[in-house]
Structures are given as C-alpha cells and as structure tokens.
>>> print(open('final-v6.pdb').read())   # PDB, C-alpha atoms and all ligand atoms
ATOM      1  CA  MET A 162       8.569  10.688  35.351
ATOM      2  CA  THR A 163       7.952   8.446  32.397
ATOM      3  CA  GLN A 164       9.193   5.462  34.334
ATOM      4  CA  ARG A 165       6.418   6.052  36.855
ATOM      5  CA  HIS A 166       3.882   6.328  34.067
ATOM      6  CA  LYS A 167       4.964   2.999  32.661
ATOM      7  CA  LEU A 168       4.599   1.251  36.010
ATOM      8  CA  ASP A 169       1.166   2.754  36.498
ATOM      9  CA  LEU A 170       0.038   1.318  33.187
ATOM     10  CA  LEU A 171       0.800  -2.232  34.194
ATOM     11  CA  ASP A 172      -0.567  -1.829  37.725
ATOM     12  CA  ASN A 173      -3.793  -0.354  36.411
ATOM     13  CA  ALA A 174      -4.030  -3.029  33.750
ATOM     14  CA  ILE A 175      -3.749  -5.784  36.346
ATOM     15  CA  ASP A 176      -6.307  -4.068  38.599
ATOM     16  CA  SER A 177      -8.739  -4.050  35.681
ATOM     17  CA  LEU A 178      -8.007  -7.684  34.912
ATOM     18  CA  ASN A 179      -8.668  -8.701  38.509
ATOM     19  CA  GLU A 180     -11.921  -6.729  38.439
ATOM     20  CA  ALA A 181     -12.910  -8.340  35.138
ATOM     21  CA  LEU A 182     -12.325 -11.789  36.596
ATOM     22  CA  THR A 183     -14.408 -10.998  39.692
ATOM     23  CA  LYS A 184     -17.260  -9.807  37.484
ATOM     24  CA  TYR A 185     -16.971 -12.849  35.262
ATOM     25  CA  GLN A 186     -17.337 -15.039  38.339
ATOM     26  CA  GLN A 187     -20.439 -13.134  39.401
ATOM     27  CA  GLY A 188     -21.826 -13.508  35.887
ATOM     28  CA  GLN A 189     -21.257 -17.230  35.978
ATOM     29  CA  ALA A 190     -22.976 -17.386  39.350
ATOM     30  CA  GLY A 191     -26.142 -16.069  37.713
ATOM     31  CA  ASP A 192     -25.780 -12.297  37.956
ATOM     32  CA  VAL A 193     -26.003 -11.715  34.193
ATOM     33  CA  LYS A 194     -25.577  -7.951  34.539
ATOM     34  CA  ALA A 195     -22.089  -8.525  35.970
ATOM     35  CA  TYR A 196     -20.912  -9.570  32.472
ATOM     36  CA  LYS A 197     -21.455  -6.008  31.404
ATOM     37  CA  PHE A 198     -18.833  -4.836  33.895
ATOM     38  CA  CYS A 199     -16.605  -7.737  32.997
ATOM     39  CA  VAL A 200     -16.590  -6.510  29.392
ATOM     40  CA  LEU A 201     -15.776  -2.956  30.479
ATOM     41  CA  HIS A 202     -12.932  -4.000  32.781
ATOM     42  CA  LEU A 203     -11.540  -6.488  30.308
ATOM     43  CA  SER A 204     -11.463  -3.973  27.494
ATOM     44  CA  HIS A 205      -9.785  -1.488  29.817
ATOM     45  CA  PHE A 206      -7.257  -4.143  30.770
ATOM     46  CA  LEU A 207      -6.425  -5.026  27.168
ATOM     47  CA  GLU A 208      -6.013  -1.414  26.180
ATOM     48  CA  LEU A 209      -3.668  -0.707  29.097
ATOM     49  CA  VAL A 210      -1.662  -3.878  28.752
ATOM     50  CA  LEU A 211      -1.144  -3.375  25.005
ATOM     51  CA  LYS A 212       0.022   0.164  25.739
ATOM     52  CA  HIS A 213       2.319  -1.287  28.355
ATOM     53  CA  TYR A 214       3.844  -3.557  25.697
ATOM     54  CA  VAL A 215       4.462  -0.474  23.581
ATOM     55  CA  THR A 216       6.384   1.136  26.450
ATOM     56  CA  LEU A 217       8.693  -1.874  26.542
ATOM     57  CA  ALA A 218      10.145  -0.594  23.255
ATOM     58  CA  HIS A 219      10.520   2.863  24.773
ATOM     59  CA  PRO A 220       8.598   4.499  27.651
ATOM     60  CA  LEU A 221       7.947   7.658  25.643
ATOM     61  CA  LEU A 222       6.170   5.763  22.889
ATOM     62  CA  VAL A 223       2.997   5.602  24.940
ATOM     63  CA  TYR A 224       2.613   9.308  24.220
ATOM     64  CA  LYS A 225       0.973  10.495  21.060
ATOM     65  CA  TYR A 226       3.559  13.192  20.376
ATOM     66  CA  PRO A 227       6.851  12.090  21.928
ATOM     67  CA  PHE A 228       8.778  14.580  19.807
ATOM     68  CA  ALA A 229       6.726  17.582  20.868
ATOM     69  CA  LYS A 230       8.587  20.520  22.310
ATOM     70  CA  ASP A 231       6.086  21.158  25.072
ATOM     71  CA  PHE A 232       6.010  17.517  26.065
ATOM     72  CA  ASN A 233       5.266  16.637  29.704
ATOM     73  CA  ASP A 234       3.958  13.829  31.847
ATOM     74  CA  GLU A 235       0.368  14.870  31.223
ATOM     75  CA  SER A 236       0.693  14.788  27.446
ATOM     76  CA  GLN A 237      -1.854  12.861  25.438
ATOM     77  CA  THR A 238      -1.268   9.128  25.208
ATOM     78  CA  ILE A 239      -1.999   6.749  22.344
ATOM     79  CA  GLY A 240      -5.191   4.716  22.046
ATOM     80  CA  LEU A 241      -5.821   1.019  21.609
ATOM     81  CA  GLN A 242      -5.673   1.108  17.814
ATOM     82  CA  GLU A 243      -2.375   2.960  17.814
ATOM     83  CA  ALA A 244      -0.943   0.470  20.279
ATOM     84  CA  ILE A 245      -2.043  -2.381  18.016
ATOM     85  CA  ASN A 246      -0.581  -0.664  14.957
ATOM     86  CA  PHE A 247       2.722  -0.108  16.720
ATOM     87  CA  LEU A 248       3.003  -3.713  17.859
ATOM     88  CA  LYS A 249       2.181  -4.912  14.357
ATOM     89  CA  ASN A 250       4.705  -2.516  12.800
ATOM     90  CA  GLU A 251       7.248  -3.733  15.296
ATOM     91  CA  GLY A 252       6.786  -7.226  13.866
ATOM     92  CA  LYS A 253       4.851  -8.735  16.751
ATOM     93  CA  ASP A 254       2.246 -11.072  15.525
ATOM     94  CA  LEU A 255      -1.330 -10.485  16.563
ATOM     95  CA  THR A 256      -3.619 -13.112  15.120
ATOM     96  CA  ASP A 257      -6.605 -12.143  12.969
ATOM     97  CA  GLN A 258      -8.906 -13.773  15.497
ATOM     98  CA  PHE A 259      -7.414 -11.707  18.332
ATOM     99  CA  LEU A 260      -7.898  -8.506  16.330
ATOM    100  CA  LYS A 261     -11.437  -9.512  15.415
ATOM    101  CA  ASP A 262     -12.259 -10.248  19.042
ATOM    102  CA  LEU A 263     -10.740  -6.962  20.144
ATOM    103  CA  ALA A 264     -12.960  -5.161  17.630
ATOM    104  CA  TRP A 265     -15.989  -7.067  18.917
ATOM    105  CA  LEU A 266     -15.101  -6.131  22.489
ATOM    106  CA  LYS A 267     -14.754  -2.488  21.552
ATOM    107  CA  LYS A 268     -18.132  -2.475  19.816
ATOM    108  CA  LEU A 269     -19.790  -4.149  22.767
ATOM    109  CA  ARG A 270     -18.142  -1.693  25.148
ATOM    110  CA  ASN A 271     -19.494   1.215  23.135
ATOM    111  CA  ARG A 272     -22.988  -0.240  23.210
ATOM    112  CA  ILE A 273     -22.712  -0.675  26.972
ATOM    113  CA  GLU A 274     -21.476   2.875  27.413
ATOM    114  CA  HIS A 275     -24.432   4.141  25.404
ATOM    115  CA  TYR A 276     -26.902   2.025  27.364
ATOM    116  CA  LYS A 277     -27.791  -0.088  24.365
ATOM    117  CA  PHE A 278     -26.790  -3.189  26.137
ATOM    118  CA  ASP A 279     -28.038  -6.516  25.068
ATOM    119  CA  MET A 280     -25.899  -9.545  24.608
ATOM    120  CA  GLU A 281     -25.789 -13.252  24.245
ATOM    121  CA  VAL A 282     -24.255 -14.588  27.434
ATOM    122  CA  ALA A 283     -22.793 -17.592  25.625
ATOM    123  CA  GLU A 284     -21.175 -15.330  23.040
ATOM    124  CA  VAL A 285     -19.740 -13.071  25.740
ATOM    125  CA  GLU A 286     -18.287 -16.022  27.627
ATOM    126  CA  ALA A 287     -16.790 -17.564  24.507
ATOM    127  CA  THR A 288     -15.257 -14.339  23.278
ATOM    128  CA  ILE A 289     -13.849 -13.425  26.675
ATOM    129  CA  GLY A 290     -12.239 -16.862  26.804
ATOM    130  CA  ARG A 291     -10.708 -16.370  23.352
ATOM    131  CA  LEU A 292      -9.424 -12.897  24.258
ATOM    132  CA  VAL A 293      -7.782 -14.085  27.467
ATOM    133  CA  ARG A 294      -6.199 -17.017  25.638
ATOM    134  CA  ALA A 295      -4.915 -14.815  22.811
ATOM    135  CA  PHE A 296      -3.558 -12.335  25.310
ATOM    136  CA  VAL A 297      -1.695 -15.075  27.226
ATOM    137  CA  GLU A 298      -0.208 -16.449  24.012
ATOM    138  CA  PHE A 299       0.901 -13.000  22.992
ATOM    139  CA  ASP A 300       2.398 -12.353  26.399
ATOM    140  CA  GLN A 301       4.275 -15.637  26.466
ATOM    141  CA  ALA A 302       5.666 -15.056  23.000
ATOM    142  CA  HIS A 303       6.755 -11.468  23.546
ATOM    143  CA  ALA A 304       6.863 -10.121  27.073
ATOM    144  CA  ASN A 305       6.191 -12.620  29.851
ATOM    145  CA  LEU A 306       4.706 -10.462  32.553
ATOM    146  CA  GLU A 307       4.775 -13.251  35.166
ATOM    147  CA  LEU A 308       1.015 -13.168  35.449
ATOM    148  CA  ASP A 309       0.955 -15.792  38.188
ATOM    149  CA  ASP A 310       2.486 -13.219  40.541
ATOM    150  CA  LEU A 311       0.277 -10.372  39.380
ATOM    151  CA  ILE A 312      -3.184 -11.859  39.347
ATOM    152  CA  GLU A 313      -4.946 -12.249  42.684
ATOM    153  CA  THR A 314      -4.603 -15.750  44.044
ATOM    154  CA  GLY A 315      -8.348 -16.271  44.282
ATOM    155  CA  GLN A 316      -8.809 -15.299  40.637
ATOM    156  CA  TYR A 317      -5.900 -17.161  39.135
ATOM    157  CA  GLY A 318      -7.799 -20.433  38.787
ATOM    158  CA  LEU A 319     -10.516 -18.755  36.744
ATOM    159  CA  PHE A 320      -7.902 -16.948  34.689
ATOM    160  CA  LEU A 321      -6.231 -20.264  33.849
ATOM    161  CA  GLU A 322      -9.582 -21.780  33.013
ATOM    162  CA  LEU A 323     -10.242 -18.957  30.581
ATOM    163  CA  ALA A 324      -6.723 -19.030  29.186
ATOM    164  CA  ASP A 325      -6.842 -22.813  28.967
ATOM    165  CA  ASN A 326      -3.097 -22.775  28.711
ATOM    166  CA  TYR A 327      -0.904 -25.782  29.355
ATOM    167  CA  ASP A 328       2.274 -23.903  30.299
ATOM    168  CA  MET A 329       0.540 -21.693  32.805
ATOM    169  CA  ASN A 330      -1.304 -24.564  34.421
ATOM    170  CA  LEU A 331       1.932 -26.471  34.786
ATOM    171  CA  LYS A 332       3.702 -23.464  36.279
ATOM    172  CA  LYS A 333       0.904 -23.085  38.803
ATOM    173  CA  ALA A 334       1.144 -26.776  39.767
ATOM    174  CA  GLU A 335       4.910 -26.527  40.147
ATOM    175  CA  ASN A 336       4.542 -23.459  42.338
ATOM    176  CA  GLU A 337       2.065 -25.319  44.508
ATOM    177  CA  VAL A 338       4.435 -28.282  44.856
ATOM    178  CA  GLU A 339       7.308 -25.969  45.741
ATOM    179  CA  LEU A 340       5.216 -24.215  48.382
ATOM    180  CA  GLU A 341       4.074 -27.497  49.932
ATOM    181  CA  CYS A 342       7.681 -28.713  50.028
ATOM    182  CA  ARG A 343       8.715 -25.581  51.865
ATOM    183  CA  VAL A 344       5.838 -25.776  54.353
ATOM    184  CA  ASN A 345       6.360 -29.486  55.051
ATOM    185  CA  HIS A 346      10.150 -29.759  54.944
ATOM    186  CA  ASP A 347      10.181 -31.056  58.554
ATOM    187  CA  ASP A 348       7.672 -33.795  57.905
ATOM    188  CA  PRO A 349       9.472 -37.080  57.107
ATOM    189  CA  ASP A 350       6.282 -38.516  55.616
ATOM    190  CA  PHE A 351       5.941 -35.707  53.087
ATOM    191  CA  GLN A 352       6.848 -36.944  49.631
ATOM    192  CA  VAL A 353       6.520 -35.717  46.082
ATOM    193  CA  TYR A 354       5.952 -38.451  43.514
ATOM    194  CA  HIS A 355       6.094 -38.694  39.777
ATOM    195  CA  CYS A 356       2.599 -38.707  38.314
ATOM    196  CA  ASP A 357       2.262 -41.426  35.706
ATOM    197  CA  GLU A 358      -0.886 -39.845  34.290
ATOM    198  CA  CYS A 359       0.624 -36.524  33.248
ATOM    199  CA  GLY A 360       4.332 -37.265  33.503
ATOM    200  CA  HIS A 361       5.215 -34.490  35.966
ATOM    201  CA  ASP A 362       6.659 -34.633  39.472
ATOM    202  CA  THR A 363       3.559 -33.098  40.904
ATOM    203  CA  LEU A 364       1.888 -35.792  43.006
ATOM    204  CA  ILE A 365       1.750 -34.441  46.552
ATOM    205  CA  PRO A 366      -0.120 -35.192  49.802
ATOM    206  CA  ASN A 367      -3.687 -33.943  49.762
ATOM    207  CA  GLN A 368      -6.159 -34.279  52.620
ATOM    208  CA  ASP A 369      -9.178 -34.443  50.332
ATOM    209  CA  SER A 370      -7.806 -37.344  48.363
ATOM    210  CA  GLU A 371      -8.845 -40.921  49.031
ATOM    211  CA  THR A 372      -5.290 -42.140  48.528
ATOM    212  CA  GLY A 373      -3.871 -39.241  50.506
ATOM    213  CA  TYR A 374      -2.192 -37.865  47.385
ATOM    214  CA  ARG A 375      -3.294 -35.790  44.457
ATOM    215  CA  CYS A 376      -1.457 -34.493  41.415
ATOM    216  CA  ALA A 377      -1.381 -30.691  41.547
ATOM    217  CA  PHE A 378      -1.419 -30.616  37.749
ATOM    218  CA  CYS A 379      -3.860 -33.236  36.486
ATOM    219  CA  GLY A 380      -5.741 -34.320  39.617
ATOM    220  CA  ASN A 381      -4.664 -37.954  39.455
ATOM    221  CA  GLU A 382      -4.594 -39.516  42.938
ATOM    222  CA  ASP A 383      -2.745 -42.735  42.319
ATOM    223  CA  SER A 384       0.788 -43.986  41.892
ATOM    224  CA  ASP A 385       2.454 -47.303  42.572
ATOM    225  CA  ASP A 386       5.472 -45.381  43.853
ATOM    226  CA  MET A 387       3.711 -43.673  46.724
ATOM    227  CA  GLU A 388       4.688 -44.918  50.131
ATOM    228  CA  ILE A 389       1.929 -45.909  52.439
ATOM    229  CA  ARG A 390       2.023 -47.564  55.790
ATOM    230  CA  CYS A 391       1.254 -51.202  56.185
ATOM    231  CA  GLY A 392      -2.023 -51.783  58.005
ATOM    232  CA  LEU A 393      -0.378 -54.436  60.173
ATOM    233  CA  CYS A 394       3.171 -53.367  60.975
ATOM    234  CA  ASP A 395       2.882 -49.646  60.182
ATOM    235  CA  MET A 396       6.063 -49.629  58.108
ATOM    236  CA  PRO A 397       6.087 -47.507  54.926
ATOM    237  CA  TRP A 398       6.273 -49.344  51.595
ATOM    238  CA  SER A 399       5.764 -48.467  47.948
ATOM    239  CA  LYS A 400       2.149 -49.050  47.142
ATOM    240  CA  GLY A 401       3.019 -51.175  44.102
ATOM    241  CA  LEU A 402       4.652 -53.731  46.372
ATOM    242  CA  MET A 403       1.704 -54.058  48.743
ATOM    243  CA  ARG A 404      -1.570 -55.839  48.522
ATOM    244  CA  TYR A 405      -4.908 -54.322  49.316
ATOM    245  CA  LEU A 406      -6.780 -56.882  51.364
ATOM    246  CA  ASP A 407      -9.864 -57.402  53.397
ATOM    247  CA  TRP A 408      -7.709 -58.699  56.212
ATOM    248  CA  THR A 409     -10.401 -59.786  58.647
ATOM    249  CA  ASP A 410     -13.039 -60.633  56.006
ATOM    250  CA  GLU A 411     -15.257 -58.071  57.651
ATOM    251  CA  GLY A 412     -14.851 -55.310  55.111
ATOM    252  CA  HIS A 413     -11.791 -53.931  56.867
ATOM    253  CA  TRP A 414      -9.664 -53.190  53.785
ATOM    254  CA  MET A 415      -6.038 -52.304  54.260
ATOM    255  CA  TYR A 416      -2.683 -52.341  52.539
ATOM    256  CA  VAL A 417      -0.415 -55.091  53.772
ATOM    257  CA  CYS A 418       3.303 -55.142  53.134
ATOM    258  CA  PRO A 419       5.168 -58.093  51.590
ATOM    259  CA  ARG A 420       6.939 -58.778  54.829
ATOM    260  CA  CYS A 421       3.710 -59.204  56.774
ATOM    261  CA  LEU A 422       2.478 -61.380  53.909
ATOM    262  CA  HIS A 423       5.613 -63.499  54.369
ATOM    263  CA  ASP A 424       6.657 -62.951  50.779
ATOM    264  CA  PRO A 425       9.879 -64.965  50.571
ATOM    265  CA  GLU A 426      11.572 -62.224  48.571
ATOM    266  CA  TYR A 427      11.219 -59.812  51.448
ATOM    267  CA  VAL A 428      11.391 -61.972  54.526
ATOM    268  CA  ASN A 429      14.926 -62.588  55.596
ATOM    269  CA  ASP A 430      15.435 -65.317  58.099
ATOM    270  CA  ASP A 431      18.348 -63.973  60.037
TER     271      ASP A 431
HETATM  272 ZN    ZN B 501      -0.566 -35.687  37.073
HETATM  273 ZN    ZN B 502       3.629 -54.890  57.306
END
>>> encode(input="final-v6.pdb", output="structure tokens")
Amino acid sequence: MTQRHKLDLLDNAIDSLNEALTKYQQGQAGDVKAYKFCVLHLSHFLELVLKHYVTLAHPLLVYKYPFAKDFNDESQTIGLQEAINFLKNEGKDLTDQFLKDLAWLKKLRNRIEHYKFDMEVAEVEATIGRLVRAFVEFDQAHANLELDDLIETGQYGLFLELADNYDMNLKKAENEVELECRVNHDDPDFQVYHCDECGHDTLIPNQDSETGYRCAFCGNEDSDDMEIRCGLCDMPWSKGLMRYLDWTDEGHWMYVCPRCLHDPEYVNDD
C-alpha cells in the first residue's frame, strides 16, 4: 500500500512540474496570468518531490504519525516544512537561497489562493529559475530522479534553460547523438565528429546547418574533421584537407579535394 503511495507522489510531482513548465511558456508568450498557475503548479511540484525524497529514507516517513496504532493508507501526511526539516536533519544540504526562495514561493502561492495576486513578472521569472536550478542541484547531489526521462520531451528544453545546468544539457546532447546514431546506422555518410568548440563528441548531421553538421551540445557547426564530398569528383575528404574555391569564378563556391587540385602529396602516379 505504501509502495503505491510513494509512486503516486513522484508521478503527481512530475505532472505538476510539466504543468508548471507549460504555464511558464504561456507566460513568456505574453499571457501574464499564466504565471499565476505556474507558481501554483511549481509549488505543488516542490512540495511533492521533497516529500518523495523523504520516502526514499522510508516510505512510511511521508506520514505524520507512522507509529500510530490506527495507521492506514489514508493517514495524514507531512507538509512541506516537515519534509524540509527531515531532509535537513538527515544531513542533506539545502542552501539558504533555496529555502528563502521556497518561502517566497509559499507566500506568493498564499496570496494567489486568497486572490491578492499581484507580482513582478521579472521577479517571478528569476525566482522560478533559481528554484528549478536549486532543485536540480539537490536532485543530482542526493537522489537523481532521471528527470530527462520524466519530463515531457516538449518541455525539457525549457526546463534545462531554467535549470541552466551543464550536466543535464550534456546528457541531453548525448542522448540526442545516441538516438541519431540508432536511426541512421544504415547510412554510410552518417558520422559523429568531435566538436572542437566544446570538446565533446556531439557534432552530428543537421539539415538546418549550413555545413550540414551541428553540435548537439553547443551549436557549433564546424570542424576540420568532418568529411564532405569534393565538388568535382564527389569523393569524401576531411574538410581540413580541402580548399573552398570559387571554381568557375562565377560565384560557384565548392570544396575541392587535394587530389583534384593535383596536390603532389595526394596524387600518386601509378
Ligand atoms: Zn560543441
Ligand atoms: Zn575531388
């Protein structure tokens, strides 16, 4: 019974997070009232997810009176503050800023619930960003919920933007590269290159890119290693070995391979 309760907590938390992200997007698109719902969903999310962390120590700890004789599945559960206290007592570190932002969120939520809603959009955006970031840091340090699998694909970009987190962005890029590799494993032209800009092996073919490649992590589109086909003989060569030329002097730019350029190092007279 308690196992089910624990799973519900996380599921409901993630539902609220997805909702919060949708509302944030609507807020950014100009629907200022949507921020109000973003705040409500986000505060619901944080409460549930912090309670979920408590259950990782023991599922029964989410209940206010786990030692009670008449205990059952419907028994009263702990609140946000109790969850925070437990995590602190357990030795988990919650930064002062995170706690301050949580208090701010709670106050704002109360004002919203009592229809005394007025807010500075910039302040809401900044604080939501800080809360998401603090949450991600906490999660990475203590639980690792594999958020990339839990958050809706369409919302994950915004989540990363808010979390502004290097590790998560890299994980997302690596997942994208892995997926593309799987989809294109039959294509002999499909290649993954090392990106010199960011230092990761995340440079993959991209139709929107001028070079035909784009780094899934940093957006860089260039590498001397990438193979492209010679504009004359159609053979693939590393870009660093080719020259980009206006071959006909009529603005018809193309890459030309060393062999077609009769570079003595590459032309063998056999
Ligand atoms: Zn890169
Ligand atoms: Zn050539």
>>> atom_distance(input="final-v6.pdb", atom1="CA of Glu388 in chain A", atom2="CA of Asp328 in chain A")
29.0 Å
>>> resolve_selection(input="final-v6.pdb", expression="the PyMOL selection byres (((not hetatm)) within 10 of (chain B and resi 502))", output="PyMOL selection string")
chain A and resi 390-398+403+416-423
>>> closest_atom_pairs(input="final-v6.pdb", of="chain A", to="ligand ZN 501 (chain B)", cutoff="9 Å", atoms="only C-alpha atoms and all ligand atoms", output="tab-separated table")
residue	atom	partner	partner_atom	distance
A:His355	CA	B:ZN501	ZN	7.8
A:Cys356	CA	B:ZN501	ZN	4.5
A:Asp357	CA	B:ZN501	ZN	6.5
A:Glu358	CA	B:ZN501	ZN	5.0
A:Cys359	CA	B:ZN501	ZN	4.1
A:Gly360	CA	B:ZN501	ZN	6.3
A:His361	CA	B:ZN501	ZN	6.0
A:Asp362	CA	B:ZN501	ZN	7.7
A:Thr363	CA	B:ZN501	ZN	6.2
A:Leu364	CA	B:ZN501	ZN	6.4
A:Arg375	CA	B:ZN501	ZN	7.9
A:Cys376	CA	B:ZN501	ZN	4.6
A:Ala377	CA	B:ZN501	ZN	6.8
A:Phe378	CA	B:ZN501	ZN	5.2
A:Cys379	CA	B:ZN501	ZN	4.1
A:Gly380	CA	B:ZN501	ZN	5.9
A:Asn381	CA	B:ZN501	ZN	5.3
A:Glu382	CA	B:ZN501	ZN	8.1
>>> resolve_selection(input="final-v6.pdb", expression="the PyMOL selection byres (((chain A and resi 338-340) around 12) and not hetatm)", output="ChimeraX atom specification")
/A:331-337,341-346,351-355,361-367,374-378
>>> atom_distance(input="final-v6.pdb", atom1="CA of His205 in chain A", atom2="CA of Leu178 in chain A")
8.2 Å
>>> closest_residue(input="final-v6.pdb", among="A:Val285, A:Leu406, A:Ala218, A:Leu209", to="Ala195 in chain A", atoms="all atoms listed in the file")
A:Val285
>>> residues_near_point(input="final-v6.pdb", point="(5.5, -4.5, 16.1)", cutoff="12 Å", atoms="only C-alpha atoms", output="list in words")
Leu211, Tyr214, Val215, Thr216, Leu217, Ala218, Glu243, Ala244, Ile245, Asn246, Phe247, Leu248, Lys249, Asn250, Glu251, Gly252, Lys253, Asp254, Leu255, Phe299 and His303 of chain A
>>> write_last_selection(input="final-v6.pdb", atoms="C-alpha atoms", output="short mmCIF file (atom, residue, chain, number, x, y, z; two decimals), keeping the file's coordinate frame")
data_model
loop_
_atom_site.label_atom_id
_atom_site.label_comp_id
_atom_site.auth_asym_id
_atom_site.auth_seq_id
_atom_site.Cartn_x
_atom_site.Cartn_y
_atom_site.Cartn_z
CA LEU A 211 -1.14 -3.38 25.00
CA TYR A 214 3.84 -3.56 25.70
CA VAL A 215 4.46 -0.47 23.58
CA THR A 216 6.38 1.14 26.45
CA LEU A 217 8.69 -1.87 26.54
CA ALA A 218 10.14 -0.59 23.26
CA GLU A 243 -2.38 2.96 17.81
CA ALA A 244 -0.94 0.47 20.28
CA ILE A 245 -2.04 -2.38 18.02
CA ASN A 246 -0.58 -0.66 14.96
CA PHE A 247 2.72 -0.11 16.72
CA LEU A 248 3.00 -3.71 17.86
CA LYS A 249 2.18 -4.91 14.36
CA ASN A 250 4.70 -2.52 12.80
CA GLU A 251 7.25 -3.73 15.30
CA GLY A 252 6.79 -7.23 13.87
CA LYS A 253 4.85 -8.74 16.75
CA ASP A 254 2.25 -11.07 15.52
CA LEU A 255 -1.33 -10.48 16.56
CA PHE A 299 0.90 -13.00 22.99
CA HIS A 303 6.76 -11.47 23.55
#
>>> closest_residue(input="final-v6.pdb", among="A:Leu170, A:Ala283, A:Cys199, A:Ile239", to="Leu222 in chain A", atoms="all atoms listed in the file")
A:Ile239
>>> resolve_selection(input="final-v6.pdb", expression="the PyMOL selection byres (((chain A and resi 258) around 12) and not hetatm)", output="number ranges by chain")
A: 254-257, 259-265, 288, 291-292, 294-296
>>> axis_aligned_box(input="final-v6.pdb", around="range 232-246 of chain A", padding_each_side="3 Å", output="JSON")
{"center_x": 0.1, "center_y": 7.6, "center_z": 23.4, "size_x": 17.8, "size_y": 25.9, "size_z": 22.9}
>>> atom_distance(input="final-v6.pdb", atom1="CA of His275 in chain A", atom2="CA of Tyr185 in chain A")
21.0 Å
>>> closest_residue(input="final-v6.pdb", among="A:Gln301, A:Thr183, A:Thr238, A:Ser204", to="Pro220 in chain A", atoms="only C-alpha atoms")
A:Thr238
>>> closest_residue(input="final-v6.pdb", among="A:Asp192, A:Glu286, A:Asp231, A:Asp350", to="Glu322 in chain A", atoms="only C-alpha atoms")
A:Glu286
>>> residues_around(input="final-v6.pdb", residues="Ala324 in chain A", least_positions_apart="6", cutoff="7 Å", atoms="all atoms listed in the file", output="PDB file with C-alpha atoms, keeping the file's coordinate frame")
ATOM      1  CA  GLY A 290     -12.239 -16.862  26.804  1.00  0.00           C
ATOM      2  CA  VAL A 293      -7.782 -14.085  27.467  1.00  0.00           C
ATOM      3  CA  ARG A 294      -6.199 -17.017  25.638  1.00  0.00           C
ATOM      4  CA  VAL A 297      -1.695 -15.075  27.226  1.00  0.00           C
TER       5      VAL A 297
END
>>> closest_residue(input="final-v6.pdb", among="A:Tyr405, A:Phe206, A:Phe320, A:Phe232", to="Ala174 in chain A", atoms="all atoms listed in the file")
A:Phe206
